[in-house]
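Structure file work-v3.cif; described as mmCIF, C-alpha atoms.
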```
data_model
loop_
_atom_site.label_atom_id
_atom_site.label_comp_id
_atom_site.auth_asym_id
_atom_site.auth_seq_id
_atom_site.Cartn_x
_atom_site.Cartn_y
_atom_site.Cartn_z
CA MET A 1 -5.57 13.31 -40.31
CA SER A 2 -5.80 12.57 -36.62
CA LYS A 3 -4.60 9.29 -35.22
CA ASN A 4 -6.63 7.21 -32.79
CA ILE A 5 -6.38 4.55 -30.14
CA THR A 6 -9.20 2.85 -28.29
CA ILE A 7 -9.52 2.67 -24.51
CA ASP A 8 -12.09 0.15 -23.28
CA GLY A 9 -13.66 0.28 -26.72
CA LYS A 10 -13.91 4.08 -26.88
CA THR A 11 -12.02 5.70 -29.76
CA ILE A 12 -9.87 8.68 -28.72
CA PRO A 13 -7.43 10.79 -30.69
CA PHE A 14 -3.78 11.38 -29.81
CA GLU A 15 -0.90 13.49 -31.03
CA ASP A 16 2.62 12.30 -31.71
CA GLY A 17 4.70 12.38 -28.55
CA GLN A 18 1.77 11.76 -26.23
CA THR A 19 1.74 8.83 -23.85
CA ILE A 20 -1.40 6.76 -23.40
CA MET A 21 -1.91 8.61 -20.09
CA ASP A 22 -1.70 11.98 -21.92
CA ALA A 23 -4.22 10.88 -24.53
CA ALA A 24 -6.57 9.40 -21.92
CA MET A 25 -6.48 12.54 -19.76
CA ALA A 26 -7.11 14.76 -22.77
CA ALA A 27 -10.16 12.62 -23.54
CA ASP A 28 -11.39 12.86 -19.92
CA ILE A 29 -10.58 9.25 -19.14
CA TYR A 30 -9.08 8.67 -15.71
CA ILE A 31 -6.45 5.98 -15.25
CA PRO A 32 -5.44 5.61 -11.57
CA HIS A 33 -1.92 6.86 -10.83
CA LEU A 34 0.20 8.08 -7.93
CA CYS A 35 3.77 8.63 -9.17
CA HIS A 36 2.64 10.53 -12.24
CA GLN A 37 1.97 14.24 -12.54
CA PRO A 38 1.64 15.71 -16.03
CA GLU A 39 4.23 18.43 -15.52
CA PHE A 40 7.03 16.02 -14.69
CA THR A 41 8.92 13.38 -16.65
CA PRO A 42 6.98 10.13 -16.19
CA HIS A 43 8.57 7.65 -13.82
CA GLY A 44 6.38 4.54 -14.17
CA SER A 45 7.18 3.19 -10.72
CA CYS A 46 3.89 2.97 -8.83
CA LYS A 47 2.37 0.68 -11.48
CA LEU A 48 -1.15 1.79 -10.63
CA CYS A 49 -1.69 2.97 -14.20
CA THR A 50 -1.05 -0.52 -15.52
CA ILE A 51 -3.19 -1.09 -18.60
CA LYS A 52 -3.33 -3.78 -21.24
CA VAL A 53 -2.09 -2.61 -24.65
CA ASN A 54 -2.82 -5.11 -27.39
CA GLY A 55 -2.81 -7.86 -24.78
CA ARG A 56 0.35 -6.80 -22.96
CA ASN A 57 0.63 -5.00 -19.60
CA CYS A 58 2.23 -1.54 -19.74
CA THR A 59 2.25 1.59 -17.61
CA ALA A 60 0.06 4.22 -19.25
CA CYS A 61 2.22 7.11 -18.01
CA THR A 62 5.33 5.90 -19.87
CA PHE A 63 3.95 4.06 -22.89
CA PRO A 64 3.71 6.10 -26.09
CA ALA A 65 0.35 6.22 -27.83
CA MET A 66 0.53 4.63 -31.30
CA ALA A 67 -2.12 4.37 -33.96
CA GLY A 68 -4.39 1.37 -33.69
CA GLN A 69 -3.60 0.43 -30.08
CA GLU A 70 -6.41 -1.38 -28.30
CA VAL A 71 -6.13 -0.42 -24.65
CA LEU A 72 -7.98 -2.05 -21.77
CA SER A 73 -8.10 -0.18 -18.46
CA GLU A 74 -11.25 -0.70 -16.41
CA THR A 75 -11.35 -4.49 -16.59
CA GLN A 76 -12.03 -6.43 -13.41
CA GLU A 77 -8.58 -8.02 -13.68
CA LEU A 78 -6.78 -4.66 -13.85
CA ILE A 79 -8.97 -3.13 -11.14
CA ASP A 80 -8.13 -6.11 -8.88
CA ASP A 81 -4.42 -5.70 -9.70
CA ARG A 82 -4.57 -2.01 -8.80
CA LYS A 83 -6.25 -2.80 -5.51
CA LYS A 84 -3.55 -5.35 -4.66
CA ILE A 85 -0.82 -2.85 -5.59
CA THR A 86 -2.42 -0.24 -3.33
CA GLN A 87 -2.71 -2.75 -0.48
CA MET A 88 0.98 -3.56 -0.89
CA LEU A 89 1.82 0.15 -0.68
CA PHE A 90 -0.16 0.35 2.57
CA VAL A 91 1.48 -2.65 4.28
CA GLU A 92 4.99 -1.77 3.07
CA GLY A 93 4.96 1.55 4.93
CA ASN A 94 3.19 2.74 8.05
CA HIS A 95 -0.01 4.43 6.97
CA PHE A 96 -2.15 5.28 9.98
CA CYS A 97 -4.69 7.63 8.45
CA PRO A 98 -6.41 8.71 11.70
CA ALA A 99 -3.07 10.09 12.93
CA CYS A 100 -1.97 11.77 9.68
CA GLU A 101 -2.37 15.44 8.79
CA LYS A 102 -2.82 14.56 5.14
CA THR A 103 -5.94 12.48 5.69
CA GLY A 104 -8.78 13.58 3.43
CA ASN A 105 -6.31 15.26 1.07
CA CYS A 106 -4.10 12.22 0.47
CA GLN A 107 -3.86 10.71 -3.00
CA LEU A 108 -2.81 7.29 -1.71
CA GLN A 109 -5.89 7.21 0.49
CA ALA A 110 -8.09 8.58 -2.30
CA VAL A 111 -6.92 5.97 -4.79
CA ALA A 112 -7.68 3.31 -2.17
CA TYR A 113 -11.17 4.77 -1.70
CA HIS A 114 -11.65 4.86 -5.46
CA LEU A 115 -10.76 1.17 -5.65
CA ASN A 116 -13.14 0.44 -2.74
CA MET A 117 -10.20 -0.97 -0.77
CA LEU A 118 -11.67 -1.92 2.63
CA ASP A 119 -8.72 -3.85 4.06
CA ASP A 120 -4.97 -4.29 3.66
CA HIS A 121 -5.19 -8.02 2.85
CA PHE A 122 -1.46 -8.68 3.28
CA THR A 123 0.66 -9.11 6.39
CA HIS A 124 1.94 -5.77 7.65
CA PHE A 125 5.68 -5.10 7.56
CA TYR A 126 5.62 -2.40 10.25
CA PRO A 127 9.05 -1.22 9.08
CA SER A 128 11.00 1.01 11.43
CA ARG A 129 11.41 4.37 9.73
CA GLU A 130 12.57 7.78 10.89
CA MET A 131 11.05 11.22 10.98
CA ASP A 132 12.97 14.36 10.12
CA ALA A 133 11.53 17.44 11.78
CA SER A 134 14.82 19.38 11.69
CA HIS A 135 13.74 21.93 9.07
CA ALA A 136 12.03 25.06 10.34
CA ASP A 137 9.05 24.85 7.97
CA VAL A 138 8.95 21.40 6.39
CA MET A 139 8.87 17.95 7.96
CA ILE A 140 9.39 14.49 6.56
CA ASP A 141 7.75 11.35 7.90
CA HIS A 142 9.49 8.50 6.11
CA ASN A 143 6.79 6.10 7.37
CA ARG A 144 4.48 7.43 4.66
CA CYS A 145 6.90 7.61 1.71
CA ILE A 146 5.89 5.47 -1.28
CA PHE A 147 9.04 6.27 -3.33
CA CYS A 148 7.09 7.93 -6.16
CA THR A 149 10.06 10.32 -6.66
CA LEU A 150 7.77 13.30 -7.30
CA CYS A 151 9.75 15.33 -4.74
CA VAL A 152 13.00 14.26 -6.41
CA ARG A 153 11.74 15.35 -9.82
CA ALA A 154 10.11 18.56 -8.55
CA SER A 155 13.30 19.63 -6.81
CA GLN A 156 15.41 19.00 -9.90
CA GLN A 157 13.03 20.01 -12.65
CA LYS A 158 11.06 22.89 -11.09
CA ASP A 159 12.99 24.26 -8.15
CA GLY A 160 16.44 24.05 -9.77
CA LYS A 161 17.73 22.29 -6.66
CA ASP A 162 18.66 18.71 -5.88
CA VAL A 163 17.33 18.10 -2.39
CA PHE A 164 16.00 14.54 -2.65
CA ALA A 165 16.99 11.15 -4.08
CA ILE A 166 15.99 7.53 -3.66
CA SER A 167 18.61 5.12 -2.37
CA GLY A 168 18.69 1.35 -1.84
CA ARG A 169 16.63 -1.39 -3.41
CA GLY A 170 13.61 -3.49 -2.57
CA ILE A 171 12.53 -3.31 1.05
CA ASN A 172 15.63 -1.22 1.82
CA ARG A 173 14.66 1.51 -0.60
CA HIS A 174 14.41 4.89 1.07
CA LEU A 175 14.29 8.61 0.47
CA ILE A 176 17.58 10.37 1.16
CA ILE A 177 18.30 14.04 1.73
CA ASN A 178 21.13 15.79 -0.05
CA SER A 179 23.08 17.31 2.80
CA GLU A 180 26.22 16.45 4.72
CA SER A 181 24.22 15.58 7.84
CA GLY A 182 21.42 13.89 5.89
CA LEU A 183 19.01 16.28 7.59
CA LEU A 184 16.51 18.51 5.84
CA LYS A 185 17.60 21.59 7.81
CA ASP A 186 20.99 21.53 6.11
CA THR A 187 19.57 21.66 2.58
CA ASP A 188 18.46 24.69 0.57
CA LEU A 189 14.82 23.53 0.58
CA ASP A 190 12.28 26.31 1.10
CA ALA A 191 8.68 25.86 2.19
CA THR A 192 7.64 27.57 -1.06
CA ASP A 193 9.46 25.00 -3.24
CA GLN A 194 7.27 22.79 -5.36
CA ALA A 195 9.10 19.77 -3.94
CA ALA A 196 7.71 20.60 -0.51
CA HIS A 197 4.13 20.50 -1.80
CA ILE A 198 4.13 17.70 -4.36
CA CYS A 199 3.98 14.64 -2.06
CA PRO A 200 0.89 12.52 -2.83
CA THR A 201 0.90 11.14 0.73
CA GLY A 202 1.67 12.68 4.12
CA ALA A 203 5.43 12.04 3.88
CA ILE A 204 6.37 15.68 3.24
CA LEU A 205 4.29 18.20 5.15
CA ILE A 206 4.44 21.94 5.67
CA LYS A 207 4.60 22.59 9.39
CA ARG A 208 1.82 24.45 11.19
CA THR A 209 -0.71 23.88 8.42
CA GLY A 210 -2.27 20.58 9.58
CA TYR A 211 -5.99 20.10 10.09
CA GLN A 212 -6.84 23.62 8.87
CA VAL A 213 -9.54 22.30 6.55
CA PRO A 214 -12.41 20.73 8.49
CA ILE A 215 -13.73 17.24 7.78
CA GLY A 216 -16.35 17.52 5.07
CA GLU A 217 -14.43 20.18 3.13
CA ARG A 218 -11.27 18.23 2.33
CA ILE A 219 -10.39 17.41 -1.26
CA TYR A 220 -11.64 13.83 -1.32
CA ASP A 221 -14.47 14.05 1.22
CA HIS A 222 -17.14 14.20 -1.46
CA LYS A 223 -15.26 13.97 -4.75
CA GLU A 224 -13.53 10.84 -5.96
CA ILE A 225 -9.95 11.09 -7.16
CA ASP A 226 -10.95 10.42 -10.78
CA GLN A 227 -13.03 13.59 -10.83
CA VAL A 228 -10.39 15.64 -8.98
CA SER A 229 -7.63 14.35 -11.21
CA LEU A 230 -9.45 15.14 -14.44
CA GLU A 231 -10.39 18.61 -13.16
CA THR A 232 -6.92 19.58 -11.98
CA GLU A 233 -4.54 17.65 -14.21
CA HIS A 234 -6.45 17.67 -17.49
CA HIS A 235 -5.34 21.18 -18.46
CA GLN A 236 -1.72 20.47 -17.71
CA HIS A 237 -1.87 17.55 -20.09
CA GLY A 238 -3.34 19.79 -22.78
CA GLU A 239 -0.42 22.23 -22.59
CA MET B 1 -37.83 -14.36 19.68
CA ALA B 2 -37.25 -17.25 17.32
CA ASN B 3 -35.11 -16.79 14.22
CA LYS B 4 -33.59 -13.53 15.30
CA ILE B 5 -30.13 -12.88 13.93
CA ARG B 6 -27.58 -13.21 16.71
CA VAL B 7 -24.85 -10.58 16.87
CA ALA B 8 -21.83 -10.68 19.18
CA THR B 9 -19.37 -7.81 19.61
CA THR B 10 -16.08 -7.26 21.39
CA SER B 11 -13.29 -4.72 21.69
CA LEU B 12 -9.76 -6.14 21.66
CA ALA B 13 -6.88 -3.61 21.46
CA GLY B 14 -9.34 -0.81 20.76
CA CYS B 15 -10.75 2.19 22.59
CA PHE B 16 -14.47 1.28 22.44
CA GLY B 17 -14.88 4.20 20.05
CA CYS B 18 -16.28 1.83 17.42
CA HIS B 19 -18.84 0.53 19.92
CA MET B 20 -19.79 4.12 20.79
CA SER B 21 -20.21 4.85 17.11
CA PHE B 22 -22.39 1.74 16.76
CA LEU B 23 -24.64 3.11 19.53
CA ASP B 24 -24.86 6.33 17.51
CA ILE B 25 -27.43 4.61 15.30
CA ASP B 26 -29.67 6.03 18.08
CA GLU B 27 -33.37 5.21 17.74
CA ARG B 28 -32.61 2.87 14.86
CA MET B 29 -31.40 0.50 17.60
CA LEU B 30 -35.09 -0.26 18.32
CA GLN B 31 -35.63 -1.20 14.69
CA LEU B 32 -32.46 -3.30 14.80
CA ALA B 33 -33.64 -5.06 17.97
CA GLU B 34 -36.67 -6.37 16.08
CA ALA B 35 -34.39 -8.39 13.83
CA VAL B 36 -31.36 -8.93 16.05
CA GLU B 37 -30.50 -10.26 19.48
CA PHE B 38 -27.11 -9.87 21.09
CA GLY B 39 -24.76 -12.64 22.11
CA ARG B 40 -21.55 -11.79 23.95
CA SER B 41 -21.12 -8.04 23.93
CA PRO B 42 -20.05 -5.27 26.30
CA ILE B 43 -23.60 -3.99 25.75
CA ASN B 44 -25.04 -6.86 27.82
CA ASP B 45 -21.96 -8.18 29.67
CA ILE B 46 -22.35 -11.78 28.45
CA GLU B 47 -18.84 -13.18 28.84
CA HIS B 48 -18.51 -15.90 26.24
CA CYS B 49 -19.29 -16.05 22.57
CA THR B 50 -21.64 -18.91 21.72
CA ASP B 51 -23.20 -19.66 18.32
CA CYS B 52 -23.81 -16.38 16.51
CA ASP B 53 -24.53 -15.22 12.99
CA ILE B 54 -22.41 -12.07 13.02
CA GLY B 55 -19.36 -11.19 15.13
CA LEU B 56 -18.17 -7.58 15.17
CA ILE B 57 -14.55 -7.19 16.27
CA GLU B 58 -13.16 -3.82 17.26
CA GLY B 59 -9.43 -3.38 17.82
CA GLY B 60 -6.31 -5.27 16.86
CA VAL B 61 -4.55 -8.03 18.73
CA CYS B 62 -2.05 -6.89 21.38
CA ASN B 63 -2.02 -9.72 23.96
CA SER B 64 -2.70 -13.41 24.52
CA GLU B 65 -6.26 -12.81 25.73
CA ASN B 66 -7.07 -10.91 22.51
CA VAL B 67 -5.94 -13.94 20.50
CA HIS B 68 -8.05 -16.26 22.66
CA VAL B 69 -11.20 -14.11 22.35
CA LEU B 70 -10.68 -13.63 18.62
CA ARG B 71 -10.40 -17.38 18.06
CA GLU B 72 -13.51 -17.97 20.18
CA PHE B 73 -15.40 -15.52 17.97
CA ARG B 74 -14.14 -17.14 14.79
CA LYS B 75 -15.19 -20.55 16.06
CA ASN B 76 -18.70 -19.41 16.95
CA CYS B 77 -19.60 -16.75 14.37
CA LYS B 78 -20.73 -17.52 10.85
CA ILE B 79 -19.65 -14.09 9.67
CA LEU B 80 -16.74 -12.29 11.30
CA VAL B 81 -16.29 -8.58 10.71
CA ALA B 82 -13.24 -6.38 11.31
CA VAL B 83 -14.60 -3.08 12.58
CA GLY B 84 -12.48 0.06 12.49
CA ALA B 85 -8.90 1.08 11.76
CA CYS B 86 -7.30 -0.87 14.65
CA ALA B 87 -8.89 -4.19 13.67
CA ILE B 88 -7.87 -3.60 10.06
CA ASN B 89 -4.28 -2.35 10.38
CA GLY B 90 -3.45 -2.22 14.10
CA GLY B 91 -4.23 1.48 14.31
CA VAL B 92 -2.90 3.75 17.02
CA PRO B 93 -1.96 0.87 19.41
CA ALA B 94 0.35 -0.44 16.64
CA LEU B 95 2.43 2.74 16.96
CA ARG B 96 4.26 0.82 19.70
CA ASN B 97 5.46 -1.68 17.11
CA TYR B 98 8.60 0.39 16.43
CA ILE B 99 9.65 0.36 20.08
CA PRO B 100 10.94 -2.87 21.65
CA LEU B 101 8.44 -4.24 24.17
CA GLU B 102 10.99 -4.08 26.99
CA GLU B 103 11.47 -0.36 26.38
CA CYS B 104 7.69 0.19 26.35
CA LEU B 105 7.29 -1.58 29.70
CA SER B 106 10.30 0.17 31.21
CA GLU B 107 8.98 3.57 30.19
CA ALA B 108 5.53 2.85 31.62
CA TYR B 109 6.41 0.99 34.84
CA LEU B 110 10.07 1.61 35.72
CA ASP B 111 11.59 4.81 34.37
CA GLY B 112 8.56 6.97 33.56
CA ILE B 113 7.98 10.29 35.28
CA GLY B 114 6.01 9.90 38.51
CA VAL B 115 6.29 6.11 38.74
CA GLU B 116 6.18 4.91 42.36
CA ASN B 117 7.23 1.43 43.48
CA PRO B 118 8.61 0.63 40.02
CA GLN B 119 8.00 -2.94 38.87
CA ILE B 120 6.84 -4.63 35.68
CA PRO B 121 3.35 -6.10 36.38
CA SER B 122 3.66 -9.88 36.45
CA ASP B 123 0.43 -11.16 38.02
CA PRO B 124 -0.36 -14.50 36.36
CA GLU B 125 -3.91 -13.26 35.73
CA LEU B 126 -2.59 -10.57 33.39
CA PRO B 127 -2.49 -11.61 29.73
CA LEU B 128 0.98 -11.55 28.21
CA LEU B 129 1.68 -8.80 25.71
CA LEU B 130 2.57 -9.73 22.15
CA ASP B 131 5.79 -8.24 20.80
CA LYS B 132 3.76 -6.41 18.12
CA VAL B 133 0.15 -5.29 17.78
CA ARG B 134 -1.40 -7.07 14.80
CA PRO B 135 -4.54 -6.59 12.72
CA ILE B 136 -7.04 -9.41 13.19
CA HIS B 137 -6.92 -10.70 9.61
CA GLU B 138 -3.36 -11.87 10.34
CA VAL B 139 -4.74 -14.24 13.00
CA VAL B 140 -8.10 -15.54 11.72
CA LYS B 141 -10.10 -15.43 8.49
CA ILE B 142 -12.18 -12.25 8.30
CA ASP B 143 -15.26 -12.03 6.09
CA TYR B 144 -15.95 -8.29 5.96
CA PHE B 145 -14.15 -5.06 6.82
CA LEU B 146 -15.68 -1.78 7.98
CA PRO B 147 -12.96 0.89 7.83
CA GLY B 148 -13.03 4.13 9.78
CA CYS B 149 -11.78 5.61 13.03
CA PRO B 150 -14.48 4.98 13.93
CA PRO B 151 -16.78 3.77 11.17
CA SER B 152 -19.79 6.09 11.30
CA ALA B 153 -23.14 4.92 12.68
CA ASP B 154 -24.38 4.88 9.09
CA VAL B 155 -21.67 2.35 8.18
CA PHE B 156 -22.93 -0.02 10.89
CA TRP B 157 -26.52 0.58 9.82
CA LYS B 158 -25.85 0.06 6.11
CA PHE B 159 -23.79 -3.06 6.70
CA LEU B 160 -26.15 -4.74 9.17
CA THR B 161 -29.34 -3.90 7.26
CA ASP B 162 -27.74 -5.20 4.05
CA LEU B 163 -26.94 -8.49 5.79
CA ILE B 164 -30.29 -8.73 7.56
CA ASP B 165 -32.17 -8.10 4.31
CA GLY B 166 -30.11 -10.75 2.54
CA ARG B 167 -28.10 -8.38 0.34
CA GLU B 168 -24.34 -8.55 -0.25
CA PRO B 169 -23.08 -5.69 1.96
CA SER B 170 -21.56 -2.76 0.12
CA LEU B 171 -20.52 0.70 1.23
CA PRO B 172 -20.97 3.73 -1.04
CA TYR B 173 -18.02 6.15 -1.50
CA GLU B 174 -19.27 8.58 1.16
CA LEU B 175 -19.19 5.85 3.82
CA VAL B 176 -15.67 4.59 3.09
CA HIS B 177 -13.05 6.51 5.02
CA TYR B 178 -9.96 5.51 6.98
CA ASP B 179 -10.10 8.36 9.49
#
```

For this file, write the structure as structure tokens.
Amino acid sequence: MSKNITIDGKTIPFEDGQTIMDAAMAADIYIPHLCHQPEFTPHGSCKLCTIKVNGRNCTACTFPAMAGQEVLSETQELIDDRKKITQMLFVEGNHFCPACEKTGNCQLQAVAYHLNMLDDHFTHFYPSREMDASHADVMIDHNRCIFCTLCVRASQQKDGKDVFAISGRGINRHLIINSESGLLKDTDLDATDQAAHICPTGAILIKRTGYQVPIGERIYDHKEIDQVSLETEHHQHGE
Amino acid sequence: MANKIRVATTSLAGCFGCHMSFLDIDERMLQLAEAVEFGRSPINDIEHCTDCDIGLIEGGVCNSENVHVLREFRKNCKILVAVGACAINGGVPALRNYIPLEECLSEAYLDGIGVENPQIPSDPELPLLLDKVRPIHEVVKIDYFLPGCPPSADVFWKFLTDLIDGREPSLPYELVHYD
């Protein structure tokens, strides 16, 4: 007999071992997320997938589905929280979309569009962060890193390498590179590694590939991230 | 001419690209002119903002004159609107925020390639630069935001016609972009 939870009043089935995010995706329900990708161990750090489970806030990507849970996701309160979280991500880094190669294909930007985020609300930090263009094929712009750790997980779990890590806490948190010099050129990262392609923002870019897709044909030009996410990530959740 | 909605516009630390995009509403400008008259704006060269219904601000705040103009707009406009990426987050001018102001000035006026008679401009008529370029919502209360670099003509049209027709302005997905 299948077990069920409800999300915003809709009854959906789940299997043992699935998180609420897994069950939602399998039922074609989008819950906003940035640090989560179905093929990697959930991290639960971006907090965009915050939902209310039986009255308590949890992250959908890490919380196991259990029979009888009543989950709220698309409430005005949670939508407002997600917008504030996204605004904080924008002011904490330096996200100048007009000058970024990732624009139009950026998940951070697409989530903001999805939430109808029209301004940054908070005071900007304008932190001083470095760029690392030392690698022949891959560049890192730390200004755009949101510390989702997808590159860390991809390098370890898919590429069998250990190129990235997160160091420091709070406002001093930053992405570090595993090499003596701290530079990307001295690691074993290849442009074909999944870690080089997994970044949801424009922090890790493949050189000489920018602006190849014209405006109007980019991923999020006409499709919202909920539709793209369900189309591309749904199957991975089903595996 | 009575009861027309008064609109003022200005460009602070911007490139006038948002104003150019506004003009891209093309022949719809005639339709707009039936409902709207312009207060201070680079379109008519009126220099001071007096009582207006809507103020459109392009650009962030990079110097003391920007702050002065922005406050004048806030004082005189019922509805103040941040127009474009620079007004909303500082935009491209804010890329100087990571370089100390002294280094910026030195590079431009003292040590830069091809500089003749090197000196930092200090005429008292010149507004003083702020140490950082700031978005306008950090200085005054802003009522609406129109993102984009620039916002398309359709964004201006949708927003202004919503307001003129007495609707709460809202932008559909296709009109919201940050680039």

| said: Expand the PyMOL selection byres ((chain A) within 10 of (chain B)) into the explicit residue set it covers here, and present it as an MDAnalysis selection string. | reply: chainID A and resid 90:91 94:100 103:104 109:110 112:124 126:129 215 220:224

Considering only C-alpha atoms, return as a compact mmCIF listing (two decimals) with C-alpha atoms, keeping the file's coordinate frame whatever protein or nucleic-acid residues lie within 12 Å of A:Pro64, sequence-local ones (same chain, fewer than 3 positions apart) excluded.
```
# COMPACT_ATOMS: atom_id res chain seq x y z
CA ILE A 5 -6.38 4.55 -30.14
CA PHE A 14 -3.78 11.38 -29.81
CA GLU A 15 -0.90 13.49 -31.03
CA ASP A 16 2.62 12.30 -31.71
CA GLY A 17 4.70 12.38 -28.55
CA GLN A 18 1.77 11.76 -26.23
CA THR A 19 1.74 8.83 -23.85
CA ILE A 20 -1.40 6.76 -23.40
CA MET A 21 -1.91 8.61 -20.09
CA ASP A 22 -1.70 11.98 -21.92
CA ALA A 23 -4.22 10.88 -24.53
CA ALA A 24 -6.57 9.40 -21.92
CA PRO A 42 6.98 10.13 -16.19
CA VAL A 53 -2.09 -2.61 -24.65
CA CYS A 58 2.23 -1.54 -19.74
CA THR A 59 2.25 1.59 -17.61
CA ALA A 60 0.06 4.22 -19.25
CA CYS A 61 2.22 7.11 -18.01
CA ALA A 67 -2.12 4.37 -33.96
CA GLN A 69 -3.60 0.43 -30.08
CA VAL A 71 -6.13 -0.42 -24.65
```

| query | Which of these residues is nearest to B:Glu65, using all atoms listed in the file: B:Ser41, B:Ser106, B:Ser11, B:Ser21? | reply |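 Once distances to B:Glu65 are computed over all atoms listed in the file, the minimum belongs to B:Ser11.
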
| message | Which residues, named as in the file, does the PyMOL selection byres ((chain A and resi 28) around 12) pick out? Answer as a list in words. | response | Ile7, Lys10, Ile12, Pro13, Met21, Asp22, Ala23, Ala24, Met25, Ala26, Ala27, Ile29, Tyr30, Ile31, Asp226, Gln227, Val228, Ser229, Leu230, Glu231, Thr232, Glu233, His234, His235, His237 and Gly238 of chain A

| query | Residues at most 7 Å from B:Pro169, counting only C-alpha atoms, excluding those fewer than 5 positions away in the same chain, as a ChimeraX atom specification? | reply | /B:159,162-163

| Using all atoms listed in the file, which residues sit within 7 Å of A:Ile204 once same-chain residues fewer than 5 positions away are excluded, as a VMD selection string? | chain A and resid 139 to 141 196 199

| task | I need the residue set behind the PyMOL selection byres ((chain A and resi 156) around 12) for this file; please write it as a ChimeraX atom specification. | result | /A:40-41,149-155,157-165,178,189,193-195

| message | Please list as a VMD selection string every residue within 10 Å of A:Ser134, counting all atoms listed in the file and excluding residues in the same chain fewer than 4 positions away. | response | chain A and resid 138 to 140 183 to 186

| task | Name the closest residue to B:His68 among the candidates B:Gly14, B:Val36, B:Glu103, B:His48; distances are taken between atoms, counting all atoms listed in the file. | result | B:His48

| query | Quick one, how far is atom CA of A:Gly44 from atom CA of A:Thr62? | reply | 6.0 Å

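Interatomic distance, atom CA of B:Leu129 to atom CA of B:Ser64: 6.5 Å.
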
| request: Compile the contact shell of B:Met20 as a list of chain:residue names: residues with an atom at most 10 Å away, counting all atoms listed in the file, same-chain residues fewer than 5 positions apart removed. | output: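 The filter keeps B:Cys15, B:Ile25, B:Pro150, B:Ser152, B:Ala153.
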
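When all atoms listed in the file are used to measure the gap to B:Glu102, the shortest distance among B:Val115, B:Ala8, B:Cys77, B:Leu130 belongs to B:Leu130.
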